[in-house]
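As provided, protein.cif (mmCIF, C-alpha atoms) reads as follows.
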```
data_coords
#
loop_
_atom_site.label_atom_id
_atom_site.label_comp_id
_atom_site.auth_asym_id
_atom_site.auth_seq_id
_atom_site.Cartn_x
_atom_site.Cartn_y
_atom_site.Cartn_z
CA MET A 1 32.14 25.33 -26.53
CA GLU A 2 30.28 24.61 -23.38
CA GLU A 3 26.54 24.66 -23.59
CA ILE A 4 24.81 26.66 -20.86
CA GLN A 5 21.79 24.91 -19.44
CA GLU A 6 18.97 26.71 -17.76
CA HIS A 7 18.05 25.73 -14.24
CA THR A 8 14.56 24.32 -14.00
CA ILE A 9 12.15 24.88 -11.15
CA ASP A 10 12.67 21.19 -10.27
CA SER A 11 16.41 21.75 -9.80
CA LYS A 12 15.68 24.55 -7.33
CA TYR A 13 14.02 22.01 -5.01
CA ILE A 14 16.05 18.93 -5.88
CA GLN A 15 16.33 17.63 -2.29
CA GLN A 16 12.58 17.76 -1.81
CA HIS A 17 11.95 16.02 -5.13
CA LEU A 18 14.44 13.28 -4.29
CA ALA A 19 12.78 12.81 -0.90
CA ASN A 20 9.40 12.64 -2.67
CA GLU A 21 10.77 9.94 -4.97
CA ARG A 22 12.10 7.90 -2.02
CA THR A 23 8.70 8.16 -0.34
CA TYR A 24 7.01 7.00 -3.55
CA LEU A 25 9.30 3.98 -3.77
CA ALA A 26 8.54 3.13 -0.13
CA TRP A 27 4.82 3.17 -0.95
CA ILE A 28 5.48 0.87 -3.92
CA ARG A 29 7.26 -1.59 -1.62
CA THR A 30 4.36 -1.31 0.82
CA SER A 31 1.79 -2.12 -1.88
CA ILE A 32 3.80 -5.16 -3.00
CA THR A 33 4.07 -6.32 0.62
CA ILE A 34 0.33 -5.93 1.23
CA ILE A 35 -0.46 -8.05 -1.82
CA GLY A 36 2.22 -10.58 -0.85
CA VAL A 37 0.87 -10.99 2.68
CA GLY A 38 -2.63 -11.64 1.37
CA PHE A 39 -1.28 -14.17 -1.11
CA LEU A 40 0.75 -15.88 1.63
CA ILE A 41 -2.18 -16.11 4.05
CA THR A 42 -4.49 -17.51 1.38
CA ASN A 43 -1.96 -20.07 0.20
CA LEU A 44 -1.08 -21.16 3.73
CA HIS A 45 -4.74 -21.64 4.52
CA PHE A 46 -5.46 -23.86 1.53
CA ALA A 47 -2.12 -25.72 1.74
CA THR A 48 -2.25 -26.59 5.44
CA LEU A 49 -5.87 -27.25 6.29
CA THR A 50 -7.17 -30.62 5.23
CA ALA A 51 -10.71 -30.04 6.47
CA ASN A 52 -13.01 -28.17 4.12
CA ILE A 53 -14.52 -25.52 6.40
CA GLU A 54 -16.64 -22.99 4.55
CA MET A 55 -16.16 -20.10 6.99
CA GLY A 56 -12.37 -20.50 7.05
CA ASP A 57 -12.25 -20.76 3.27
CA PHE A 58 -14.44 -17.67 2.95
CA LEU A 59 -12.26 -15.63 5.34
CA ALA A 60 -9.06 -16.73 3.57
CA ARG A 61 -10.50 -15.66 0.22
CA ILE A 62 -11.66 -12.33 1.67
CA ILE A 63 -8.18 -11.67 3.10
CA GLY A 64 -6.54 -12.48 -0.23
CA LEU A 65 -8.95 -10.39 -2.30
CA THR A 66 -8.90 -7.46 0.12
CA SER A 67 -5.09 -7.50 0.16
CA ILE A 68 -4.96 -7.33 -3.62
CA ILE A 69 -7.47 -4.47 -3.74
CA VAL A 70 -5.72 -2.52 -0.96
CA GLY A 71 -2.33 -3.11 -2.61
CA ILE A 72 -3.60 -1.79 -5.94
CA LEU A 73 -5.29 1.21 -4.26
CA THR A 74 -2.05 1.93 -2.39
CA LEU A 75 -0.12 1.89 -5.66
CA LEU A 76 -2.64 4.18 -7.38
CA MET A 77 -2.82 6.63 -4.47
CA ALA A 78 0.97 6.69 -4.12
CA THR A 79 1.36 7.51 -7.81
CA PHE A 80 -1.26 10.26 -7.65
CA SER A 81 0.30 11.63 -4.45
CA TYR A 82 3.81 11.59 -5.98
CA PHE A 83 2.81 13.82 -8.88
CA LYS A 84 0.70 16.11 -6.69
CA LYS A 85 3.56 16.54 -4.21
CA GLY A 86 5.97 17.28 -7.05
CA LYS A 87 3.70 20.07 -8.29
CA ASP A 88 3.12 21.34 -4.74
CA ILE A 89 6.87 21.40 -4.03
CA ASN A 90 7.50 23.52 -7.13
CA HIS A 91 4.68 25.92 -6.25
CA GLN A 92 5.58 25.86 -2.55
CA THR A 93 2.01 24.91 -1.66
CA PHE A 94 2.72 21.51 -0.12
CA THR A 95 0.18 20.26 2.42
CA PHE A 96 0.28 17.07 4.43
CA PRO A 97 -1.98 14.39 2.83
CA LYS A 98 -4.04 13.58 5.94
CA LEU A 99 -6.99 11.96 4.14
CA LEU A 100 -4.73 9.67 2.11
CA ILE A 101 -3.00 8.39 5.24
CA ILE A 102 -6.28 7.92 7.12
CA PHE A 103 -7.86 6.06 4.17
CA LEU A 104 -4.91 3.71 3.66
CA SER A 105 -4.63 3.09 7.40
CA PHE A 106 -8.32 2.20 7.52
CA LEU A 107 -7.96 -0.27 4.63
CA ILE A 108 -4.93 -1.96 6.18
CA LEU A 109 -6.73 -2.09 9.53
CA LEU A 110 -9.62 -3.80 7.75
CA ILE A 111 -7.26 -6.51 6.47
CA PHE A 112 -5.83 -6.99 9.97
CA LEU A 113 -9.29 -7.29 11.50
CA VAL A 114 -10.37 -9.93 8.98
CA PHE A 115 -7.05 -11.71 9.51
CA GLY A 116 -7.62 -11.62 13.28
CA GLY A 117 -11.14 -13.00 12.77
CA TYR A 118 -9.71 -15.78 10.64
CA TYR A 119 -7.26 -16.79 13.37
CA LEU A 120 -9.90 -16.65 16.09
CA PHE A 121 -12.08 -18.89 13.94
CA ALA A 122 -9.19 -21.26 13.18
CA TRP A 123 -8.21 -21.51 16.87
CA ALA A 124 -11.79 -22.25 17.87
CA LEU A 125 -11.68 -25.31 15.62
CA ILE A 126 -8.49 -26.71 17.15
#
```

Could you rewrite the structure in this file as structure tokens?
Amino acid sequence: MEEIQEHTIDSKYIQQHLANERTYLAWIRTSITIIGVGFLITNLHFATLTANIEMGDFLARIIGLTSIIVGILTLLMATFSYFKKGKDINHQTFTFPKLLIIFLSFLILLIFLVFGGYYLFAWALI
């Protein structure tokens, strides 16, 4: 005999839930990339410069640490957002997460500004 399965509320909005999952996975890749870029910049700095310059060392460490923190925050916010969106999809109360996007954009901009400051400082020494 065939067993009859009930349709869940999730199955009613399967396309939206699958899109939500793809978005979550994209945020995971983004968080890994942010951490990787910080790690790369820090390692390149300490592997290529023979002179011990305190300001350059400080900026490289700040970039690395900030990248790790922003990567972890991105992962945490993406996970929170994934579950909130899933609930909102089922209740048909989805709203665009403006504050999340603004906050993450600000943090990534901060990394870029410090990175730009690092390069301006490094070029001034050449």

>> Starting from the PyMOL selection byres ((chain A and resi 25-39) around 10), expand the selection into actual residues of this file and give them as a VMD selection string.
In response: chain A and resid 19 to 24 40 to 45 60 to 79 82 108 111 115

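If you look at CA of Leu100 (chain A) and CA of Asp10 (chain A), they are 24.3 Å away from each other.
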
>> Using Å and a single decimal, report how far CA of Lys85 (chain A) sits from CA of Phe103 (chain A).
In response: 17.6 Å

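Distances here use all atoms listed in the file; by that measure, the residue among A:Phe58, A:Phe80, A:Ile53, A:Leu109 closest to Pro97 (chain A) is A:Phe80.
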
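Relative to CA of Thr93 (chain A), CA of His7 (chain A) is found at 20.4 Å.
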
>> Could you check the closest approach to Ala124 (chain A) for each of A:Ala47, A:Ile9, A:Leu18, A:Met55 and tell me which residue wins, using all atoms listed in the file?
In response: A:Met55

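Each of A:Leu107, A:Gln5, A:Gly56, A:Gln16 was checked against Gln92 (chain A) using all atoms listed in the file; the smallest atom-to-atom distance is that of A:Gln16.
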